[in-house]
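Student: Structure file data22.cif (mmCIF, C-alpha atoms) is given on the next line.
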data_final
loop_
_atom_site.group_PDB
_atom_site.id
_atom_site.type_symbol
_atom_site.label_atom_id
_atom_site.label_comp_id
_atom_site.auth_asym_id
_atom_site.auth_seq_id
_atom_site.Cartn_x
_atom_site.Cartn_y
_atom_site.Cartn_z
ATOM 1 C CA MET A 1 -17.565 -8.188 -20.604
ATOM 2 C CA THR A 2 -19.109 -5.845 -18.066
ATOM 3 C CA ASP A 3 -20.094 -2.237 -18.689
ATOM 4 C CA SER A 4 -18.869 -1.034 -15.314
ATOM 5 C CA SER A 5 -15.985 -1.833 -13.044
ATOM 6 C CA SER A 6 -16.502 -4.592 -10.498
ATOM 7 C CA ALA A 7 -12.790 -5.072 -9.781
ATOM 8 C CA THR A 8 -11.600 -4.889 -6.192
ATOM 9 C CA LEU A 9 -8.660 -2.745 -5.112
ATOM 10 C CA SER A 10 -6.424 -5.824 -4.977
ATOM 11 C CA GLN A 11 -7.446 -6.717 -8.532
ATOM 12 C CA TRP A 12 -6.654 -3.203 -9.711
ATOM 13 C CA VAL A 13 -3.237 -3.552 -8.076
ATOM 14 C CA GLU A 14 -2.749 -6.917 -9.788
ATOM 15 C CA GLY A 15 -3.874 -5.376 -13.058
ATOM 16 C CA ALA A 16 -1.104 -2.783 -12.691
ATOM 17 C CA ARG A 17 1.299 -5.751 -12.982
ATOM 18 C CA PRO A 18 3.519 -5.034 -9.963
ATOM 19 C CA ARG A 19 5.962 -7.728 -11.096
ATOM 20 C CA THR A 20 7.033 -5.353 -13.885
ATOM 21 C CA LEU A 21 7.832 -2.470 -11.521
ATOM 22 C CA PRO A 22 11.472 -3.497 -10.966
ATOM 23 C CA ALA A 23 11.931 -2.544 -14.627
ATOM 24 C CA ALA A 24 10.942 1.007 -13.639
ATOM 25 C CA VAL A 25 13.102 1.213 -10.516
ATOM 26 C CA ALA A 26 16.216 -0.411 -12.004
ATOM 27 C CA PRO A 27 17.162 2.289 -14.542
ATOM 28 C CA VAL A 28 16.892 5.018 -11.919
ATOM 29 C CA LEU A 29 19.103 3.047 -9.530
ATOM 30 C CA ALA A 30 21.719 2.432 -12.211
ATOM 31 C CA GLY A 31 21.602 5.998 -13.482
ATOM 32 C CA THR A 32 21.907 7.456 -10.003
ATOM 33 C CA GLY A 33 24.898 5.198 -9.371
ATOM 34 C CA VAL A 34 26.573 6.601 -12.476
ATOM 35 C CA ALA A 35 25.767 10.152 -11.345
ATOM 36 C CA ALA A 36 27.392 9.437 -7.975
ATOM 37 C CA PHE A 37 30.485 8.013 -9.683
ATOM 38 C CA VAL A 38 31.121 10.857 -12.127
ATOM 39 C CA ASP A 39 29.904 13.792 -10.030
ATOM 40 C CA ASP A 40 27.266 13.710 -7.290
ATOM 41 C CA VAL A 41 23.676 12.647 -6.651
ATOM 42 C CA VAL A 42 20.898 15.223 -6.853
ATOM 43 C CA TRP A 43 18.347 13.417 -4.715
ATOM 44 C CA ALA A 44 15.341 15.561 -5.587
ATOM 45 C CA LYS A 45 15.845 14.885 -9.290
ATOM 46 C CA ALA A 46 16.564 11.206 -8.704
ATOM 47 C CA LEU A 47 13.245 10.882 -6.871
ATOM 48 C CA LEU A 48 11.425 12.773 -9.619
ATOM 49 C CA ALA A 49 12.977 10.452 -12.203
ATOM 50 C CA LEU A 50 11.802 7.463 -10.155
ATOM 51 C CA GLY A 51 8.286 8.888 -10.039
ATOM 52 C CA VAL A 52 8.264 9.389 -13.807
ATOM 53 C CA SER A 53 9.488 5.858 -14.427
ATOM 54 C CA LEU A 54 6.991 4.205 -12.069
ATOM 55 C CA ALA A 55 4.044 6.259 -13.352
ATOM 56 C CA LEU A 56 4.848 5.459 -16.980
ATOM 57 C CA GLN A 57 5.310 1.762 -16.229
ATOM 58 C CA VAL A 58 1.920 1.486 -14.518
ATOM 59 C CA GLY A 59 0.353 3.663 -17.193
ATOM 60 C CA VAL A 60 1.627 1.513 -20.039
ATOM 61 C CA ASN A 61 0.494 -1.635 -18.212
ATOM 62 C CA TYR A 62 -3.054 -0.329 -17.922
ATOM 63 C CA ALA A 63 -2.907 0.961 -21.505
ATOM 64 C CA ASN A 64 -1.921 -2.504 -22.737
ATOM 65 C CA ASP A 65 -4.692 -4.051 -20.649
ATOM 66 C CA TYR A 66 -7.205 -1.678 -22.253
ATOM 67 C CA SER A 67 -5.984 -1.986 -25.839
ATOM 68 C CA ASP A 68 -5.500 -5.761 -25.829
ATOM 69 C CA GLY A 69 -8.815 -6.164 -24.017
ATOM 70 C CA VAL A 70 -10.883 -4.268 -26.549
ATOM 71 C CA ARG A 71 -9.145 -6.107 -29.387
ATOM 72 C CA GLY A 72 -9.930 -9.478 -27.809
ATOM 73 C CA THR A 73 -6.253 -10.445 -27.551
ATOM 74 C CA ASP A 74 -6.645 -11.221 -23.834
ATOM 75 C CA ASP A 75 -9.804 -13.317 -24.112
ATOM 76 C CA ASP A 76 -7.847 -16.553 -23.684
ATOM 77 C CA ARG A 77 -4.543 -16.044 -21.899
ATOM 78 C CA VAL A 78 -2.266 -17.934 -19.526
ATOM 79 C CA GLY A 79 -0.574 -15.096 -17.688
ATOM 80 C CA PRO A 80 -1.501 -12.641 -14.934
ATOM 81 C CA LEU A 81 -4.898 -11.002 -14.554
ATOM 82 C CA ARG A 82 -6.146 -8.608 -17.220
ATOM 83 C CA LEU A 83 -8.948 -6.339 -16.083
ATOM 84 C CA VAL A 84 -10.703 -5.762 -19.412
ATOM 85 C CA GLY A 85 -10.134 -9.227 -20.835
ATOM 86 C CA SER A 86 -11.527 -10.854 -17.685
ATOM 87 C CA GLY A 87 -14.531 -8.553 -17.589
ATOM 88 C CA LEU A 88 -13.677 -7.267 -14.113
ATOM 89 C CA ALA A 89 -13.422 -3.654 -15.281
ATOM 90 C CA SER A 90 -14.898 -1.723 -18.165
ATOM 91 C CA PRO A 91 -12.621 -0.556 -20.974
ATOM 92 C CA ALA A 92 -13.476 3.048 -20.077
ATOM 93 C CA ALA A 93 -12.352 2.571 -16.463
ATOM 94 C CA VAL A 94 -9.046 0.963 -17.441
ATOM 95 C CA LYS A 95 -8.433 3.580 -20.125
ATOM 96 C CA ALA A 96 -9.008 6.304 -17.526
ATOM 97 C CA ALA A 97 -6.504 4.632 -15.171
ATOM 98 C CA ALA A 98 -3.949 4.435 -17.974
ATOM 99 C CA LEU A 99 -4.360 8.087 -18.898
ATOM 100 C CA GLY A 100 -4.241 9.080 -15.227
ATOM 101 C CA PHE A 101 -0.873 7.432 -14.610
ATOM 102 C CA LEU A 102 0.549 8.626 -17.930
ATOM 103 C CA GLY A 103 -0.603 12.125 -17.016
ATOM 104 C CA LEU A 104 1.096 11.859 -13.624
ATOM 105 C CA GLY A 105 4.304 10.799 -15.367
ATOM 106 C CA ALA A 106 3.975 13.799 -17.686
ATOM 107 C CA LEU A 107 3.589 16.218 -14.773
ATOM 108 C CA LEU A 108 6.621 14.833 -12.956
ATOM 109 C CA GLY A 109 8.586 14.912 -16.201
ATOM 110 C CA LEU A 110 7.574 18.535 -16.682
ATOM 111 C CA ALA A 111 9.079 19.322 -13.298
ATOM 112 C CA LEU A 112 12.332 17.623 -14.330
ATOM 113 C CA ALA A 113 12.441 19.504 -17.621
ATOM 114 C CA ALA A 114 11.748 22.825 -15.892
ATOM 115 C CA THR A 115 14.690 22.298 -13.526
ATOM 116 C CA THR A 116 17.098 20.891 -16.134
ATOM 117 C CA THR A 117 16.445 21.728 -19.792
ATOM 118 C CA TRP A 118 13.267 22.167 -21.773
ATOM 119 C CA TRP A 119 14.329 19.887 -24.633
ATOM 120 C CA LEU A 120 13.623 17.000 -22.269
ATOM 121 C CA LEU A 121 9.951 17.708 -23.035
ATOM 122 C CA LEU A 122 10.528 16.228 -26.494
ATOM 123 C CA VAL A 123 11.821 13.035 -24.906
ATOM 124 C CA GLY A 124 8.788 12.963 -22.641
ATOM 125 C CA VAL A 125 6.366 13.366 -25.536
ATOM 126 C CA ALA A 126 8.086 10.502 -27.366
ATOM 127 C CA ALA A 127 7.866 8.287 -24.266
ATOM 128 C CA LEU A 128 4.151 9.016 -23.817
ATOM 129 C CA GLY A 129 3.473 8.309 -27.470
ATOM 130 C CA ALA A 130 5.375 5.041 -27.277
ATOM 131 C CA ALA A 131 3.493 4.038 -24.120
ATOM 132 C CA TRP A 132 0.088 4.487 -25.726
ATOM 133 C CA THR A 133 0.814 3.149 -29.235
ATOM 134 C CA TYR A 134 2.533 -0.034 -28.016
ATOM 135 C CA THR A 135 -0.779 -1.866 -28.257
ATOM 136 C CA GLY A 136 -3.097 1.114 -28.796
ATOM 137 C CA GLY A 137 -4.098 3.127 -31.817
ATOM 138 C CA ALA A 138 -4.843 2.002 -35.348
ATOM 139 C CA ASN A 139 -1.448 0.421 -36.010
ATOM 140 C CA PRO A 140 0.204 -0.621 -32.695
ATOM 141 C CA TYR A 141 3.900 -1.304 -33.007
ATOM 142 C CA GLY A 142 3.729 -4.033 -30.348
ATOM 143 C CA TYR A 143 1.810 -6.056 -32.943
ATOM 144 C CA ARG A 144 4.622 -5.523 -35.449
ATOM 145 C CA ALA A 145 7.542 -7.094 -33.539
ATOM 146 C CA LEU A 146 8.859 -3.743 -32.258
ATOM 147 C CA GLY A 147 8.006 -4.108 -28.566
ATOM 148 C CA GLU A 148 11.509 -5.119 -27.514
ATOM 149 C CA VAL A 149 13.011 -2.218 -29.468
ATOM 150 C CA SER A 150 10.785 0.224 -27.584
ATOM 151 C CA VAL A 151 11.517 -1.360 -24.196
ATOM 152 C CA PHE A 152 15.270 -1.233 -24.820
ATOM 153 C CA LEU A 153 15.022 2.375 -25.972
ATOM 154 C CA PHE A 154 12.717 3.799 -23.297
ATOM 155 C CA PHE A 155 13.242 1.536 -20.249
ATOM 156 C CA GLY A 156 16.933 1.134 -20.990
ATOM 157 C CA LEU A 157 18.605 3.991 -22.842
ATOM 158 C CA VAL A 158 16.170 6.839 -22.179
ATOM 159 C CA ALA A 159 15.474 5.941 -18.542
ATOM 160 C CA VAL A 160 19.114 5.450 -17.510
ATOM 161 C CA LEU A 161 20.599 8.248 -19.605
ATOM 162 C CA GLY A 162 17.805 10.596 -18.572
ATOM 163 C CA THR A 163 18.390 9.830 -14.890
ATOM 164 C CA VAL A 164 22.087 10.572 -15.303
ATOM 165 C CA TYR A 165 21.593 13.698 -17.376
ATOM 166 C CA VAL A 166 19.121 15.435 -15.081
ATOM 167 C CA GLN A 167 21.615 15.059 -12.230
ATOM 168 C CA VAL A 168 24.994 15.780 -13.852
ATOM 169 C CA GLU A 169 24.006 17.269 -17.259
ATOM 170 C CA SER A 170 26.431 15.046 -19.147
ATOM 171 C CA LEU A 171 26.382 11.519 -20.570
ATOM 172 C CA PRO A 172 29.636 9.682 -19.733
ATOM 173 C CA TRP A 173 30.336 6.318 -21.322
ATOM 174 C CA GLU A 174 29.525 4.537 -18.071
ATOM 175 C CA ALA A 175 25.955 5.776 -18.440
ATOM 176 C CA TRP A 176 25.682 4.219 -21.908
ATOM 177 C CA ALA A 177 27.074 0.894 -20.708
ATOM 178 C CA ALA A 178 24.692 0.851 -17.740
ATOM 179 C CA ALA A 179 21.801 1.707 -20.053
ATOM 180 C CA VAL A 180 22.638 -1.231 -22.318
ATOM 181 C CA GLY A 181 22.699 -3.627 -19.358
ATOM 182 C CA VAL A 182 19.414 -2.378 -17.938
ATOM 183 C CA GLY A 183 17.786 -2.338 -21.359
ATOM 184 C CA ALA A 184 18.872 -5.898 -22.072
ATOM 185 C CA LEU A 185 17.277 -7.222 -18.884
ATOM 186 C CA ALA A 186 14.114 -5.164 -19.447
ATOM 187 C CA CYS A 187 13.900 -6.714 -22.913
ATOM 188 C CA ALA A 188 14.395 -10.168 -21.406
ATOM 189 C CA ILE A 189 11.261 -9.662 -19.304
ATOM 190 C CA LEU A 190 9.226 -8.894 -22.424
ATOM 191 C CA VAL A 191 10.784 -11.764 -24.369
ATOM 192 C CA ALA A 192 9.751 -14.199 -21.630
ATOM 193 C CA ASN A 193 6.250 -12.731 -21.595
ATOM 194 C CA ASN A 194 5.866 -12.966 -25.365
ATOM 195 C CA LEU A 195 7.437 -16.427 -25.484
ATOM 196 C CA ARG A 196 4.732 -17.634 -23.117
ATOM 197 C CA ASP A 197 2.025 -15.998 -25.219
ATOM 198 C CA ILE A 198 3.109 -17.248 -28.669
ATOM 199 C CA PRO A 199 0.141 -19.657 -29.104
ATOM 200 C CA THR A 200 -2.529 -17.117 -28.101
ATOM 201 C CA ASP A 201 -0.814 -14.234 -29.929
ATOM 202 C CA VAL A 202 -0.696 -16.237 -33.159
ATOM 203 C CA GLU A 203 -4.385 -17.003 -32.816
ATOM 204 C CA ALA A 204 -5.198 -13.343 -32.113
ATOM 205 C CA GLY A 205 -3.020 -12.074 -34.966
ATOM 206 C CA LYS A 206 -0.588 -10.315 -32.628
ATOM 207 C CA ARG A 207 2.787 -10.409 -34.383
ATOM 208 C CA THR A 208 5.276 -9.995 -31.534
ATOM 209 C CA LEU A 209 9.006 -10.500 -31.950
ATOM 210 C CA ALA A 210 8.613 -13.927 -30.319
ATOM 211 C CA VAL A 211 6.051 -14.869 -32.963
ATOM 212 C CA VAL A 212 8.421 -13.701 -35.704
ATOM 213 C CA LEU A 213 11.500 -15.418 -34.262
ATOM 214 C CA GLY A 214 9.684 -18.570 -33.257
ATOM 215 C CA ASP A 215 9.960 -20.565 -30.055
ATOM 216 C CA ALA A 216 13.549 -21.796 -30.304
ATOM 217 C CA ARG A 217 15.166 -18.530 -31.381
ATOM 218 C CA SER A 218 13.193 -16.566 -28.767
ATOM 219 C CA ARG A 219 14.703 -18.785 -26.075
ATOM 220 C CA THR A 220 18.195 -18.160 -27.443
ATOM 221 C CA PHE A 221 17.468 -14.445 -27.571
ATOM 222 C CA TYR A 222 16.494 -14.444 -23.890
ATOM 223 C CA LEU A 223 19.813 -16.085 -22.975
ATOM 224 C CA ALA A 224 21.724 -13.604 -25.150
ATOM 225 C CA LEU A 225 20.113 -10.649 -23.367
ATOM 226 C CA VAL A 226 21.223 -11.967 -19.967
ATOM 227 C CA VAL A 227 24.763 -12.369 -21.349
ATOM 228 C CA VAL A 228 24.698 -8.778 -22.637
ATOM 229 C CA ALA A 229 23.819 -7.543 -19.140
ATOM 230 C CA ALA A 230 26.733 -9.471 -17.667
ATOM 231 C CA ALA A 231 29.066 -8.087 -20.347
ATOM 232 C CA ALA A 232 27.944 -4.520 -19.623
ATOM 233 C CA ALA A 233 28.839 -4.926 -15.948
ATOM 234 C CA VAL A 234 32.229 -6.375 -16.859
ATOM 235 C CA ALA A 235 32.901 -3.471 -19.235
ATOM 236 C CA ILE A 236 32.224 -0.935 -16.485
ATOM 237 C CA GLY A 237 34.269 -2.999 -14.055
ATOM 238 C CA LEU A 238 37.269 -3.044 -16.379
ATOM 239 C CA GLY A 239 36.969 0.515 -17.649
ATOM 240 C CA ALA A 240 35.779 2.462 -14.594
ATOM 241 C CA THR A 241 36.031 0.627 -11.269
ATOM 242 C CA PRO A 242 36.247 -3.052 -10.314
ATOM 243 C CA TRP A 243 33.550 -2.352 -7.744
ATOM 244 C CA ALA A 244 31.058 -2.288 -10.622
ATOM 245 C CA LEU A 245 31.400 -6.070 -10.774
ATOM 246 C CA LEU A 246 29.081 -6.131 -7.768
ATOM 247 C CA ALA A 247 26.348 -6.079 -10.414
ATOM 248 C CA LEU A 248 27.166 -9.656 -11.434
ATOM 249 C CA PRO A 249 25.831 -11.412 -8.295
ATOM 250 C CA GLY A 250 22.527 -9.747 -9.096
ATOM 251 C CA LEU A 251 22.210 -12.101 -12.041
ATOM 252 C CA LEU A 252 22.291 -15.216 -9.855
ATOM 253 C CA PRO A 253 18.503 -15.232 -9.300
ATOM 254 C CA VAL A 254 17.968 -15.326 -13.065
ATOM 255 C CA LEU A 255 19.850 -18.603 -13.512
ATOM 256 C CA PRO A 256 16.781 -20.769 -12.745
ATOM 257 C CA ALA A 257 14.833 -18.643 -15.220
ATOM 258 C CA VAL A 258 17.489 -19.214 -17.863
ATOM 259 C CA ARG A 259 17.303 -22.957 -17.221
ATOM 260 C CA ALA A 260 13.529 -22.856 -17.532
ATOM 261 C CA VAL A 261 13.588 -20.889 -20.776
ATOM 262 C CA VAL A 262 16.431 -22.821 -22.404
ATOM 263 C CA GLY A 263 14.967 -26.089 -21.092
ATOM 264 C CA GLY A 264 11.735 -25.567 -23.005
ATOM 265 C CA ALA A 265 9.280 -24.453 -20.295
ATOM 266 C CA VAL A 266 5.928 -23.380 -21.709
ATOM 267 C CA GLY A 267 2.670 -21.774 -20.588
ATOM 268 C CA PRO A 268 2.262 -21.333 -16.808
ATOM 269 C CA ALA A 269 5.826 -22.576 -16.217
ATOM 270 C CA LEU A 270 7.078 -19.355 -17.827
ATOM 271 C CA VAL A 271 5.069 -17.041 -15.563
ATOM 272 C CA PRO A 272 7.661 -17.081 -12.711
ATOM 273 C CA VAL A 273 10.368 -16.233 -15.237
ATOM 274 C CA LEU A 274 8.975 -12.708 -15.552
ATOM 275 C CA LYS A 275 9.190 -12.096 -11.810
ATOM 276 C CA THR A 276 12.652 -13.646 -11.495
ATOM 277 C CA THR A 277 14.011 -11.648 -14.428
ATOM 278 C CA GLY A 278 12.585 -8.449 -12.965
ATOM 279 C CA ILE A 279 14.205 -9.163 -9.607
ATOM 280 C CA ALA A 280 17.522 -9.864 -11.341
ATOM 281 C CA GLU A 281 17.298 -6.550 -13.204
ATOM 282 C CA LEU A 282 16.678 -4.731 -9.938
ATOM 283 C CA LEU A 283 19.518 -6.517 -8.111
ATOM 284 C CA TRP A 284 21.893 -6.016 -11.063
ATOM 285 C CA SER A 285 21.173 -2.290 -11.010
ATOM 286 C CA ALA A 286 21.449 -2.053 -7.216
ATOM 287 C CA GLY A 287 24.772 -3.893 -7.273
ATOM 288 C CA LEU A 288 26.074 -1.646 -10.029
ATOM 289 C CA ALA A 289 24.950 1.485 -8.188
ATOM 290 C CA LEU A 290 26.587 0.327 -4.947
ATOM 291 C CA GLY A 291 29.791 -0.534 -6.779
ATOM 292 C CA LEU A 292 29.918 2.848 -8.480
ATOM 293 C CA VAL A 293 29.365 4.642 -5.162
ATOM 294 C CA LEU A 294 32.137 2.592 -3.524
ATOM 295 C CA GLY A 295 34.470 3.118 -6.471
ATOM 296 C CA ARG A 296 34.040 6.870 -6.870
#
Step by step, read the file and then write its structure as structure tokens.
Tutor:
Amino acid sequence: MTDSSSATLSQWVEGARPRTLPAAVAPVLAGTGVAAFVDDVVWAKALLALGVSLALQVGVNYANDYSDGVRGTDDDRVGPLRLVGSGLASPAAVKAAALGFLGLGALLGLALAATTTWWLLLVGVAALGAAWTYTGGANPYGYRALGEVSVFLFFGLVAVLGTVYVQVESLPWEAWAAAVGVGALACAILVANNLRDIPTDVEAGKRTLAVVLGDARSRTFYLALVVVAAAAAVAIGLGATPWALLALPGLLPVLPAVRAVVGGAVGPALVPVLKTTGIAELLWSAGLALGLVLGR
């Protein structure tokens, strides 16, 4: 491992894991769609919420790169580039990048809290703590099978409900249903990632939910999460506006991923599943948002 960064700009971008960014955009799209349906969109706050979500996503990606790298978890991996594990960047440089993006997210969140309600600061502190302690700190919860719980909570419930609340200052049931759908697909991305990494995580002592569930049940869990997302769209379609069913075509791109996961794909064959699931989450959210705007 090097003592100084030799990574190129393109490698830093790859290290930020851009394939995960749809998971940051999707909740803001869905939440803004709900805001439009029940009241009206406050574009300045929607954009601030998007900035918070993107900054935290990149920050947690770099934080995971740093923490897993210094623990040696990434020394032998199948998936996308890791800056510390590959020796392309020093742990200090990646840690600084992580803290920089988490700090940016905190500043944007502060602006949202200042223009909405100050108790949102408590939510922000919890999100920052969860971002860092996922694989960082003395007892990371990502090593104790709680990663999916955190993703569902913060990139599903908190992100969608927060986006709605800062714009309309209420939490209608449609917001909760949308949050469940987004959270389920965000979890599916992590399940696919951890399913791929079961062999190396077992060797490194990283006890993810996929390690606990085992290969077969993790594949079933992935399928169940996609079904939950479809059910959430149907619930909004039946209870609010049929236009919300426009979310369902967004799941079509994930069907090959479902076949790959259920069909037993392993190792590198699971890498495209992450990208496809992320795209499906983004399209699901965009379809839902469009349907809610049309059905208002």
Student: Residue by residue, what does the PyMOL selection byres ((chain A and resi 143) around 12) grab here? Present the result as number ranges by chain.
Tutor: A: 64, 67-68, 71, 73, 133-142, 144-148, 194, 201-202, 204-212
Student: Quick check, in Å to one decimal: how far apart do CA of Tyr62 (chain A) and CA of Ala89 (chain A) lie?
Tutor: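 Here the two named atoms are 11.2 Å from each other.
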Student: What's the separation between CA of Pro199 (chain A) and CA of Arg217 (chain A), in Å to one decimal place?
Tutor: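 One can read the CA of Pro199 (chain A) to CA of Arg217 (chain A) distance as 15.2 Å.
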Student: The PyMOL selection byres ((chain A and resi 109) around 10) - which residues does that actually catch in the file I just gave you? List them as a list in words.
Tutor: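 Checked against the file, the PyMOL selection byres ((chain A and resi 109) around 10) matches Leu48, Ala49, Gly51, Val52, Ser53, Gly103, Leu104, Gly105, Ala106, Leu107, Leu108, Leu110, Ala111, Leu112, Ala113, Ala114, Thr115, Leu120, Leu121, Val123, Gly124 and Val125 of chain A.
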Student: Go through A:Gly267, A:Pro172, A:Pro91, A:Pro27 and flag the residue nearest Leu283 (chain A), using only C-alpha atoms for the distances.
Tutor: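 Ranking A:Gly267, A:Pro172, A:Pro91, A:Pro27 by distance to Leu283 (chain A), first place goes to A:Pro27.
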Student: Taking all heavy atoms as the atom set, what does region 186-194 of chain A look like once completed, written as a compact mmCIF listing (two decimals), in the coordinates of the input?
Tutor:
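Below you can see part-v2.txt, which holds the result:
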# COMPACT_ATOMS: atom_id res chain seq x y z
N ALA A 186 15.51 -5.57 -19.25
CA ALA A 186 14.11 -5.16 -19.45
C ALA A 186 13.53 -5.87 -20.66
O ALA A 186 12.38 -6.34 -20.64
CB ALA A 186 14.03 -3.65 -19.61
N CYS A 187 14.33 -5.98 -21.72
CA CYS A 187 13.90 -6.71 -22.91
C CYS A 187 13.67 -8.19 -22.60
O CYS A 187 12.74 -8.81 -23.13
CB CYS A 187 14.95 -6.59 -24.02
SG CYS A 187 14.85 -5.06 -24.95
N ALA A 188 14.52 -8.75 -21.75
CA ALA A 188 14.40 -10.17 -21.41
C ALA A 188 13.05 -10.45 -20.73
O ALA A 188 12.45 -11.51 -20.95
CB ALA A 188 15.55 -10.60 -20.50
N ILE A 189 12.57 -9.50 -19.92
CA ILE A 189 11.26 -9.66 -19.30
C ILE A 189 10.19 -9.77 -20.38
O ILE A 189 9.32 -10.65 -20.33
CB ILE A 189 10.95 -8.49 -18.36
CG1 ILE A 189 11.96 -8.44 -17.21
CG2 ILE A 189 9.53 -8.60 -17.81
CD1 ILE A 189 11.82 -7.19 -16.33
N LEU A 190 10.23 -8.88 -21.36
CA LEU A 190 9.23 -8.89 -22.42
C LEU A 190 9.35 -10.13 -23.30
O LEU A 190 8.35 -10.70 -23.73
CB LEU A 190 9.35 -7.63 -23.28
CG LEU A 190 8.29 -7.46 -24.37
CD1 LEU A 190 6.89 -7.48 -23.78
CD2 LEU A 190 8.53 -6.18 -25.16
N VAL A 191 10.59 -10.55 -23.57
CA VAL A 191 10.78 -11.76 -24.37
C VAL A 191 10.14 -12.97 -23.68
O VAL A 191 9.47 -13.79 -24.33
CB VAL A 191 12.29 -12.01 -24.62
CG1 VAL A 191 12.51 -13.40 -25.23
CG2 VAL A 191 12.86 -10.95 -25.55
N ALA A 192 10.36 -13.09 -22.36
CA ALA A 192 9.75 -14.20 -21.63
C ALA A 192 8.23 -14.13 -21.69
O ALA A 192 7.54 -15.15 -21.85
CB ALA A 192 10.23 -14.18 -20.18
N ASN A 193 7.70 -12.92 -21.53
CA ASN A 193 6.25 -12.73 -21.60
C ASN A 193 5.70 -13.15 -22.96
O ASN A 193 4.71 -13.88 -23.06
CB ASN A 193 5.92 -11.27 -21.32
CG ASN A 193 4.43 -10.98 -21.37
OD1 ASN A 193 3.70 -11.26 -20.43
ND2 ASN A 193 3.97 -10.44 -22.47
N ASN A 194 6.35 -12.68 -24.01
CA ASN A 194 5.87 -12.97 -25.36
C ASN A 194 6.13 -14.41 -25.78
O ASN A 194 5.37 -14.96 -26.59
CB ASN A 194 6.49 -12.00 -26.36
CG ASN A 194 5.97 -10.58 -26.19
OD1 ASN A 194 4.92 -10.37 -25.58
ND2 ASN A 194 6.70 -9.61 -26.72
